[in-house]
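Raw coords_38.pdb, PDB, C-alpha atoms:
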```pdb
ATOM      1  CA  MET A 114       0.000   0.000   0.000  1.00  0.00           C
ATOM      2  CA  ILE A 115       1.401   3.392  -0.917  1.00  0.00           C
ATOM      3  CA  GLU A 116      -1.448   5.797  -0.213  1.00  0.00           C
ATOM      4  CA  GLY A 117      -0.533   8.205   2.552  1.00  0.00           C
ATOM      5  CA  LYS A 118       3.208   7.577   2.326  1.00  0.00           C
ATOM      6  CA  ILE A 119       5.354  10.688   2.709  1.00  0.00           C
ATOM      7  CA  VAL A 120       7.463  11.996  -0.180  1.00  0.00           C
ATOM      8  CA  GLY A 121      10.160  14.624  -0.563  1.00  0.00           C
ATOM      9  CA  ILE A 122      11.693  15.550  -3.913  1.00  0.00           C
ATOM     10  CA  THR A 123      15.155  16.940  -4.669  1.00  0.00           C
ATOM     11  CA  ILE A 124      15.880  18.379  -8.113  1.00  0.00           C
ATOM     12  CA  SER A 125      19.170  19.652  -9.457  1.00  0.00           C
ATOM     13  CA  GLY A 126      19.954  20.756 -12.929  1.00  0.00           C
ATOM     14  CA  HIS A 127      21.716  23.014 -15.332  1.00  0.00           C
ATOM     15  CA  VAL A 128      18.994  25.484 -16.276  1.00  0.00           C
ATOM     16  CA  ASP A 129      15.848  27.026 -14.808  1.00  0.00           C
ATOM     17  CA  GLY A 130      12.626  25.075 -14.581  1.00  0.00           C
ATOM     18  CA  ALA A 131      13.480  23.014 -11.497  1.00  0.00           C
ATOM     19  CA  THR A 132      10.276  23.989  -9.684  1.00  0.00           C
ATOM     20  CA  LYS A 133       8.156  22.985 -12.685  1.00  0.00           C
ATOM     21  CA  LYS A 134      10.046  19.694 -13.023  1.00  0.00           C
ATOM     22  CA  ALA A 135       9.630  18.960  -9.290  1.00  0.00           C
ATOM     23  CA  LEU A 136       5.894  19.640  -9.513  1.00  0.00           C
ATOM     24  CA  ASP A 137       5.626  17.456 -12.624  1.00  0.00           C
ATOM     25  CA  ILE A 138       7.297  14.618 -10.717  1.00  0.00           C
ATOM     26  CA  TYR A 139       5.177  15.219  -7.619  1.00  0.00           C
ATOM     27  CA  LEU A 140       1.999  15.033  -9.700  1.00  0.00           C
ATOM     28  CA  TYR A 141       2.727  11.347 -10.378  1.00  0.00           C
ATOM     29  CA  PHE A 142       3.394  10.667  -6.688  1.00  0.00           C
ATOM     30  CA  HIS A 143       0.220  12.564  -5.748  1.00  0.00           C
ATOM     31  CA  GLN A 144      -1.852  10.469  -8.139  1.00  0.00           C
ATOM     32  CA  MET A 145      -0.511   7.339  -6.425  1.00  0.00           C
ATOM     33  CA  GLY A 146      -1.593   8.643  -3.012  1.00  0.00           C
ATOM     34  CA  TYR A 147       1.671  10.046  -1.648  1.00  0.00           C
ATOM     35  CA  VAL A 148       1.605  13.112   0.614  1.00  0.00           C
ATOM     36  CA  ARG A 149       4.299  15.797   0.204  1.00  0.00           C
ATOM     37  CA  ALA A 150       6.050  16.893   3.367  1.00  0.00           C
ATOM     38  CA  PRO A 151       5.973  20.625   4.229  1.00  0.00           C
ATOM     39  CA  PHE A 152       8.699  22.321   2.186  1.00  0.00           C
ATOM     40  CA  GLY A 153       9.129  18.861   0.640  1.00  0.00           C
ATOM     41  CA  ILE A 154      10.768  20.070  -2.547  1.00  0.00           C
ATOM     42  CA  SER A 155      14.389  21.187  -2.653  1.00  0.00           C
ATOM     43  CA  TYR A 156      16.121  22.317  -5.801  1.00  0.00           C
ATOM     44  CA  LEU A 157      19.105  24.157  -7.212  1.00  0.00           C
ATOM     45  CA  THR A 158      20.049  25.137 -10.712  1.00  0.00           C
ATOM     46  CA  HIS A 159      23.604  26.042 -11.602  1.00  0.00           C
ATOM     47  CA  GLY A 160      22.720  28.318 -14.490  1.00  0.00           C
ATOM     48  CA  VAL A 161      23.136  28.308 -18.222  1.00  0.00           C
ATOM     49  CA  GLN A 162      26.156  30.647 -18.051  1.00  0.00           C
ATOM     50  CA  PHE A 163      28.263  27.831 -16.541  1.00  0.00           C
ATOM     51  CA  ASN A 164      29.720  24.758 -18.213  1.00  0.00           C
ATOM     52  CA  LYS A 165      27.418  21.770 -17.682  1.00  0.00           C
ATOM     53  CA  GLY A 166      30.421  19.668 -16.637  1.00  0.00           C
ATOM     54  CA  THR A 167      30.865  21.798 -13.493  1.00  0.00           C
ATOM     55  CA  ASP A 168      27.315  21.270 -12.160  1.00  0.00           C
ATOM     56  CA  SER A 169      28.049  18.211  -9.994  1.00  0.00           C
ATOM     57  CA  ASP A 170      31.024  19.768  -8.190  1.00  0.00           C
ATOM     58  CA  TYR A 171      29.176  23.054  -7.695  1.00  0.00           C
ATOM     59  CA  MET A 172      26.126  21.373  -6.145  1.00  0.00           C
ATOM     60  CA  ARG A 173      28.161  18.934  -4.077  1.00  0.00           C
ATOM     61  CA  ASN A 174      30.132  21.797  -2.495  1.00  0.00           C
ATOM     62  CA  ASP A 175      27.300  24.302  -2.016  1.00  0.00           C
ATOM     63  CA  HIS A 176      26.387  24.442   1.697  1.00  0.00           C
ATOM     64  CA  PHE A 177      22.966  25.950   0.983  1.00  0.00           C
ATOM     65  CA  VAL A 178      22.058  22.898  -1.119  1.00  0.00           C
ATOM     66  CA  THR A 179      23.075  20.606   1.748  1.00  0.00           C
ATOM     67  CA  PHE A 180      21.031  22.722   4.179  1.00  0.00           C
ATOM     68  CA  LYS A 181      17.903  22.614   2.008  1.00  0.00           C
ATOM     69  CA  VAL A 182      18.131  18.881   1.288  1.00  0.00           C
ATOM     70  CA  LYS A 183      18.697  18.048   4.978  1.00  0.00           C
ATOM     71  CA  GLY A 184      15.792  20.319   5.945  1.00  0.00           C
ATOM     72  CA  MET A 185      13.505  18.627   3.429  1.00  0.00           C
ATOM     73  CA  ALA A 186      14.602  15.170   4.633  1.00  0.00           C
ATOM     74  CA  ASN A 187      13.996  16.241   8.241  1.00  0.00           C
ATOM     75  CA  ASN A 188      10.442  17.269   7.345  1.00  0.00           C
ATOM     76  CA  VAL A 189       9.791  13.869   5.739  1.00  0.00           C
ATOM     77  CA  VAL A 190      11.103  12.098   8.866  1.00  0.00           C
ATOM     78  CA  GLU A 191       9.049  14.352  11.184  1.00  0.00           C
ATOM     79  CA  MET A 192       5.856  13.428   9.319  1.00  0.00           C
ATOM     80  CA  VAL A 193       6.310   9.655   9.649  1.00  0.00           C
ATOM     81  CA  PRO A 194       5.149   9.469  13.312  1.00  0.00           C
ATOM     82  CA  LEU A 195       1.961  11.372  12.382  1.00  0.00           C
ATOM     83  CA  ASN A 196       0.705   8.074  10.953  1.00  0.00           C
ATOM     84  CA  ILE A 197      -0.912   9.765   7.970  1.00  0.00           C
ATOM     85  CA  GLU A 198      -0.811   6.506   6.049  1.00  0.00           C
ATOM     86  CA  GLU A 199      -3.197   4.899   8.541  1.00  0.00           C
ATOM     87  CA  LYS A 200      -5.451   7.974   8.688  1.00  0.00           C
ATOM     88  CA  LEU A 201      -5.791   8.085   4.890  1.00  0.00           C
ATOM     89  CA  ARG A 202      -6.296   4.342   4.406  1.00  0.00           C
ATOM     90  CA  GLY A 203      -9.324   3.857   2.172  1.00  0.00           C
ATOM     91  CA  LYS A 204      -9.974   7.581   1.833  1.00  0.00           C
ATOM     92  CA  THR A 205      -7.849   8.422  -1.203  1.00  0.00           C
ATOM     93  CA  GLY A 206      -9.424   8.002  -4.595  1.00  0.00           C
ATOM     94  CA  THR A 207     -12.829   9.150  -3.346  1.00  0.00           C
ATOM     95  CA  GLY A 208     -13.633  12.828  -3.381  1.00  0.00           C
ATOM     96  CA  SER A 209     -10.600  14.948  -2.617  1.00  0.00           C
ATOM     97  CA  GLY A 210      -8.867  12.089  -0.786  1.00  0.00           C
ATOM     98  CA  MET A 211      -7.614  14.444   1.906  1.00  0.00           C
ATOM     99  CA  LEU A 212      -8.380  14.744   5.587  1.00  0.00           C
ATOM    100  CA  PRO A 213      -9.019  18.154   7.170  1.00  0.00           C
ATOM    101  CA  MET A 214      -5.687  19.589   8.305  1.00  0.00           C
ATOM    102  CA  GLN A 215      -6.856  19.984  11.921  1.00  0.00           C
ATOM    103  CA  SER A 216      -6.979  16.179  12.218  1.00  0.00           C
ATOM    104  CA  VAL A 217      -3.212  15.924  11.660  1.00  0.00           C
ATOM    105  CA  LYS A 218      -1.191  17.396  14.527  1.00  0.00           C
ATOM    106  CA  PRO A 219       2.582  17.784  13.990  1.00  0.00           C
ATOM    107  CA  ARG A 220       4.766  16.232  16.685  1.00  0.00           C
ATOM    108  CA  GLY A 221       8.022  18.004  15.981  1.00  0.00           C
ATOM    109  CA  GLN A 222       9.417  21.195  14.591  1.00  0.00           C
ATOM    110  CA  PHE A 223       9.317  21.482  10.808  1.00  0.00           C
ATOM    111  CA  VAL A 224      12.256  23.232   9.165  1.00  0.00           C
ATOM    112  CA  HIS A 225      11.318  26.395   7.301  1.00  0.00           C
ATOM    113  CA  PRO A 226      14.136  27.127   4.823  1.00  0.00           C
ATOM    114  CA  PRO A 227      15.140  30.783   4.645  1.00  0.00           C
ATOM    115  CA  GLY A 228      13.564  32.614   1.762  1.00  0.00           C
ATOM    116  CA  SER A 229      10.626  30.190   1.535  1.00  0.00           C
TER     117      SER A 229
END
```

Let me see the file written as structure tokens.
Amino acid sequence: MIEGKIVGITISGHVDGATKKALDIYLYFHQMGYVRAPFGISYLTHGVQFNKGTDSDYMRNDHFVTFKVKGMANNVVEMVPLNIEEKLRGKTGTGSGMLPMQSVKPRGQFVHPPGS
């Protein structure tokens, strides 16, 4: 069973459009019943003005990328104990498939990346 499972998405690339690509990918997860964690998308683009061969080193050494990816992963982990999978069992695929937000109480502190 995958409905109600938590998902976080990390996108990196050479040119703009990372947000659109992340949302395109998330659409497939959403249709399968996954729930995106708060701030569950992290992305970085290196820019078209740079050589594509330098993207990996740039992203690997950028501390902001590490911060955002760790923050997103933390939010996924913090949602697991909320037991959303059990609360959504049998409810997805009918109507909106979502529970009212007041029925899901966060246990921990979600990371809010700066600039978000």

- prompt: If you apply the PyMOL selection byres ((chain A and resi 124-140) around 8) to this file, what residues do you get, as a list in words?
  reply: Ile122, Thr123, Tyr141, Phe142, His143, Gln144, Arg149, Ile154, Ser155, Tyr156, Leu157, Thr158, His159, Gly160, Val161, Lys165, Asp168 and Met172 of chain A

message: Excluding stretch 185-200 of chain A and its own-chain neighbours fewer than 3 positions away, which residues fall within 6 Å of it when counting all atoms listed in the file? Please give them as a PyMOL selection string.
response: chain A and resi 117-118+150+153+182+223

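Computed from the coordinates, the atom CA of A:Val120 to atom CA of A:Pro151 distance equals 9.8 Å.
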